[in-house]
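Here's the structure we're looking at; comments come further down.
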Amino acid sequence: MTRWPLPPPMARALEEAQIAALEGEVPIGAVVVKDGRVVATGRNAPRQTCDPTAHAEIVAIRAAAAALGNDRLDGCELWVTLEPCAMCAGAIVHARIARLYYGAADPKGGAVEHGARVFEQPQCLHRPEVYAGIGGAEGGNLLRAFFRERR
């Protein structure tokens, strides 16, 4: 467990992840913040929506773009409970997210510090600032508990 209070956006992302778990989805949550204000939230929903792209990050990015009326989320932060996959990292690039904060590392499916390392590729058109490990224990515990119950 974290020894200090989590930043409010990560606490909110963890709440979204818990809701996803209750809905039978893999517990991952995301929050988009602009100028210190939450503009959108998202949680995993691929099974509910029959949409393989409905990852928490994509859901939150789509909602933020709609709320702000712009496909470019300049100056926005994305807070997510798990290291983004390649698809979500690509969406972060295209949305021009300024800062990415994520909790648990994902050695199997992550694409920021693992796997494809999308932001390090020469073809990457935009590189957000990345801050890893914030709320990682909490996000990791949620995921482990979710999958333990299903085995």
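Note on naming: chains are A, B, ... as they come in the structure tokens, residues start from 1 per chain, ligands start from 1 in the order shown.
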
_Shell of 8 Å around Gly139 in chain A, only C-alpha atoms, local chain residues under 6 positions omitted, as a list in words_ =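 The neighbour list is Leu14, Ile28, Thr81, Leu82, Gly103 and Ala104 of chain A.
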
*Leaving out range 132-135 of chain A and any residue of its chain fewer than 3 positions from it, which residues lie within 9 Å of it when counting only C-alpha atoms, given as a list of chain:residue names?*
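Counting only the stated atoms, we get A:Met1, A:Thr2, A:Leu6, A:Pro7, A:Met10, A:Ala11, A:Leu14, A:Thr81, A:Leu82, A:Glu83, A:Leu100, A:Tyr101, A:Tyr102, A:Gly103, A:Ala104, A:Ala105, A:Glu113, A:Glu138, A:Gly139, A:Gly140.
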
*Per DSSP on the backbone, what are the helix (DSSP H, G or I) residues of range 9-89 of chain A, as a PyMOL selection string?*
chain A and resi 9-22+46-49+56-68+86-89

For those residues, write N, CA and C atoms to a file as an mmCIF file, in the first residue's frame.
```
data_model
loop_
_atom_site.group_PDB
_atom_site.id
_atom_site.type_symbol
_atom_site.label_atom_id
_atom_site.label_comp_id
_atom_site.auth_asym_id
_atom_site.auth_seq_id
_atom_site.Cartn_x
_atom_site.Cartn_y
_atom_site.Cartn_z
ATOM 1 N N PRO A 9 -6.676 12.556 -8.728
ATOM 2 C CA PRO A 9 -7.016 11.910 -10.000
ATOM 3 C C PRO A 9 -6.742 10.400 -10.006
ATOM 4 N N MET A 10 -5.675 9.963 -9.328
ATOM 5 C CA MET A 10 -5.406 8.521 -9.296
ATOM 6 C C MET A 10 -6.416 7.815 -8.395
ATOM 7 N N ALA A 11 -6.792 8.447 -7.305
ATOM 8 C CA ALA A 11 -7.833 7.866 -6.454
ATOM 9 C C ALA A 11 -9.128 7.692 -7.257
ATOM 10 N N ARG A 12 -9.442 8.671 -8.071
ATOM 11 C CA ARG A 12 -10.652 8.602 -8.914
ATOM 12 C C ARG A 12 -10.516 7.507 -9.964
ATOM 13 N N ALA A 13 -9.327 7.361 -10.563
ATOM 14 C CA ALA A 13 -9.093 6.296 -11.542
ATOM 15 C C ALA A 13 -9.265 4.923 -10.886
ATOM 16 N N LEU A 14 -8.799 4.790 -9.650
ATOM 17 C CA LEU A 14 -8.970 3.519 -8.930
ATOM 18 C C LEU A 14 -10.445 3.242 -8.644
ATOM 19 N N GLU A 15 -11.221 4.285 -8.359
ATOM 20 C CA GLU A 15 -12.672 4.104 -8.182
ATOM 21 C C GLU A 15 -13.299 3.584 -9.477
ATOM 22 N N GLU A 16 -12.897 4.156 -10.610
ATOM 23 C CA GLU A 16 -13.405 3.685 -11.904
ATOM 24 C C GLU A 16 -13.023 2.215 -12.123
ATOM 25 N N ALA A 17 -11.805 1.854 -11.744
ATOM 26 C CA ALA A 17 -11.352 0.467 -11.888
ATOM 27 C C ALA A 17 -12.205 -0.469 -11.038
ATOM 28 N N GLN A 18 -12.543 -0.051 -9.827
ATOM 29 C CA GLN A 18 -13.382 -0.867 -8.959
ATOM 30 C C GLN A 18 -14.771 -1.057 -9.562
ATOM 31 N N ILE A 19 -15.306 -0.021 -10.167
ATOM 32 C CA ILE A 19 -16.615 -0.131 -10.829
ATOM 33 C C ILE A 19 -16.515 -1.112 -11.993
ATOM 34 N N ALA A 20 -15.441 -1.024 -12.760
ATOM 35 C CA ALA A 20 -15.242 -1.955 -13.879
ATOM 36 C C ALA A 20 -15.256 -3.393 -13.372
ATOM 37 N N ALA A 21 -14.574 -3.648 -12.276
ATOM 38 C CA ALA A 21 -14.542 -5.007 -11.714
ATOM 39 C C ALA A 21 -15.942 -5.473 -11.339
ATOM 40 N N LEU A 22 -16.719 -4.601 -10.717
ATOM 41 C CA LEU A 22 -18.096 -4.954 -10.348
ATOM 42 C C LEU A 22 -18.946 -5.258 -11.578
ATOM 43 N N PRO A 46 -14.829 -3.318 -22.716
ATOM 44 C CA PRO A 46 -14.920 -4.046 -23.988
ATOM 45 C C PRO A 46 -15.982 -5.142 -24.000
ATOM 46 N N ARG A 47 -16.176 -5.824 -22.890
ATOM 47 C CA ARG A 47 -17.177 -6.906 -22.868
ATOM 48 C C ARG A 47 -18.596 -6.350 -22.865
ATOM 49 N N GLN A 48 -18.803 -5.319 -22.061
ATOM 50 C CA GLN A 48 -20.128 -4.685 -21.986
ATOM 51 C C GLN A 48 -20.555 -4.089 -23.317
ATOM 52 N N THR A 49 -19.613 -3.487 -24.020
ATOM 53 C CA THR A 49 -19.932 -2.756 -25.242
ATOM 54 C C THR A 49 -19.661 -3.549 -26.516
ATOM 55 N N ALA A 56 -10.002 1.597 -20.822
ATOM 56 C CA ALA A 56 -10.257 2.762 -19.957
ATOM 57 C C ALA A 56 -9.694 4.048 -20.544
ATOM 58 N N GLU A 57 -8.467 3.969 -21.069
ATOM 59 C CA GLU A 57 -7.827 5.168 -21.615
ATOM 60 C C GLU A 57 -8.589 5.708 -22.820
ATOM 61 N N ILE A 58 -8.996 4.819 -23.706
ATOM 62 C CA ILE A 58 -9.711 5.227 -24.918
ATOM 63 C C ILE A 58 -11.059 5.840 -24.542
ATOM 64 N N VAL A 59 -11.760 5.196 -23.611
ATOM 65 C CA VAL A 59 -13.061 5.717 -23.163
ATOM 66 C C VAL A 59 -12.881 7.122 -22.588
ATOM 67 N N ALA A 60 -11.866 7.306 -21.750
ATOM 68 C CA ALA A 60 -11.632 8.622 -21.142
ATOM 69 C C ALA A 60 -11.202 9.659 -22.176
ATOM 70 N N ILE A 61 -10.337 9.273 -23.097
ATOM 71 C CA ILE A 61 -9.881 10.211 -24.140
ATOM 72 C C ILE A 61 -11.047 10.637 -25.020
ATOM 73 N N ARG A 62 -11.889 9.694 -25.413
ATOM 74 C CA ARG A 62 -13.062 10.044 -26.238
ATOM 75 C C ARG A 62 -13.979 11.012 -25.500
ATOM 76 N N ALA A 63 -14.223 10.727 -24.215
ATOM 77 C CA ALA A 63 -15.109 11.598 -23.428
ATOM 78 C C ALA A 63 -14.494 12.986 -23.248
ATOM 79 N N ALA A 64 -13.185 13.046 -23.033
ATOM 80 C CA ALA A 64 -12.520 14.345 -22.868
ATOM 81 C C ALA A 64 -12.568 15.147 -24.159
ATOM 82 N N ALA A 65 -12.320 14.499 -25.283
ATOM 83 C CA ALA A 65 -12.374 15.195 -26.574
ATOM 84 C C ALA A 65 -13.771 15.766 -26.816
ATOM 85 N N ALA A 66 -14.790 14.987 -26.486
ATOM 86 C CA ALA A 66 -16.168 15.469 -26.646
ATOM 87 C C ALA A 66 -16.450 16.630 -25.694
ATOM 88 N N ALA A 67 -16.015 16.503 -24.435
ATOM 89 C CA ALA A 67 -16.271 17.548 -23.442
ATOM 90 C C ALA A 67 -15.556 18.851 -23.795
ATOM 91 N N LEU A 68 -14.350 18.738 -24.348
ATOM 92 C CA LEU A 68 -13.569 19.931 -24.676
ATOM 93 C C LEU A 68 -13.795 20.412 -26.105
ATOM 94 N N ALA A 86 -0.195 -0.868 -26.372
ATOM 95 C CA ALA A 86 0.227 -0.169 -27.594
ATOM 96 C C ALA A 86 -0.913 0.649 -28.205
ATOM 97 N N MET A 87 -2.132 0.101 -28.216
ATOM 98 C CA MET A 87 -3.262 0.836 -28.781
ATOM 99 C C MET A 87 -3.502 2.126 -28.000
ATOM 100 N N CYS A 88 -3.508 2.025 -26.680
ATOM 101 C CA CYS A 88 -3.779 3.192 -25.857
ATOM 102 C C CYS A 88 -2.630 4.193 -25.913
ATOM 103 N N ALA A 89 -1.395 3.697 -25.965
ATOM 104 C CA ALA A 89 -0.249 4.599 -26.108
ATOM 105 C C ALA A 89 -0.348 5.364 -27.423
#
```

*Atom pair CA of Val31 in chain A / CA of Trp79 in chain A: separation (Å)*: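 Separation of CA of Val31 in chain A and CA of Trp79 in chain A: 5.1 Å.
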
_Just list as a PyMOL selection string whatever in range 44-92 of chain A DSSP marks as strand (DSSP E or B)._
chain A and resi 76-82

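Closest approach to Val26 in chain A among A:His94, A:Arg99, A:Arg150, A:Arg72: A:Arg150, based on only C-alpha atoms.
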
*asked:* Which residue is closest to Leu143 in chain A? Choose from A:Pro8, A:Pro128, A:Gly42, A:Gly24 and count only C-alpha atoms.
replied: A:Gly24

*asked:* Using only C-alpha atoms for the distances, tell me which of A:His126, A:Arg144, A:Lys108, A:Arg43 is nearest to Glu25 in chain A.
replied: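 Of A:His126, A:Arg144, A:Lys108, A:Arg43, the one nearest Glu25 in chain A is A:Arg43, counting only C-alpha atoms.
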
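Put simply, CA of Val32 in chain A is 13.1 Å away from CA of Ala91 in chain A.
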
*When distances are computed from only C-alpha atoms, which of A:Ala54, A:Leu78, A:Val130, A:Val93 shows the smallest separation from Val38 in chain A?*
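Of the candidates, the smallest distance to Val38 in chain A is held by A:Leu78.
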
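We find CA of Ala111 in chain A and CA of Asn44 in chain A to be spaced 17.3 Å apart.
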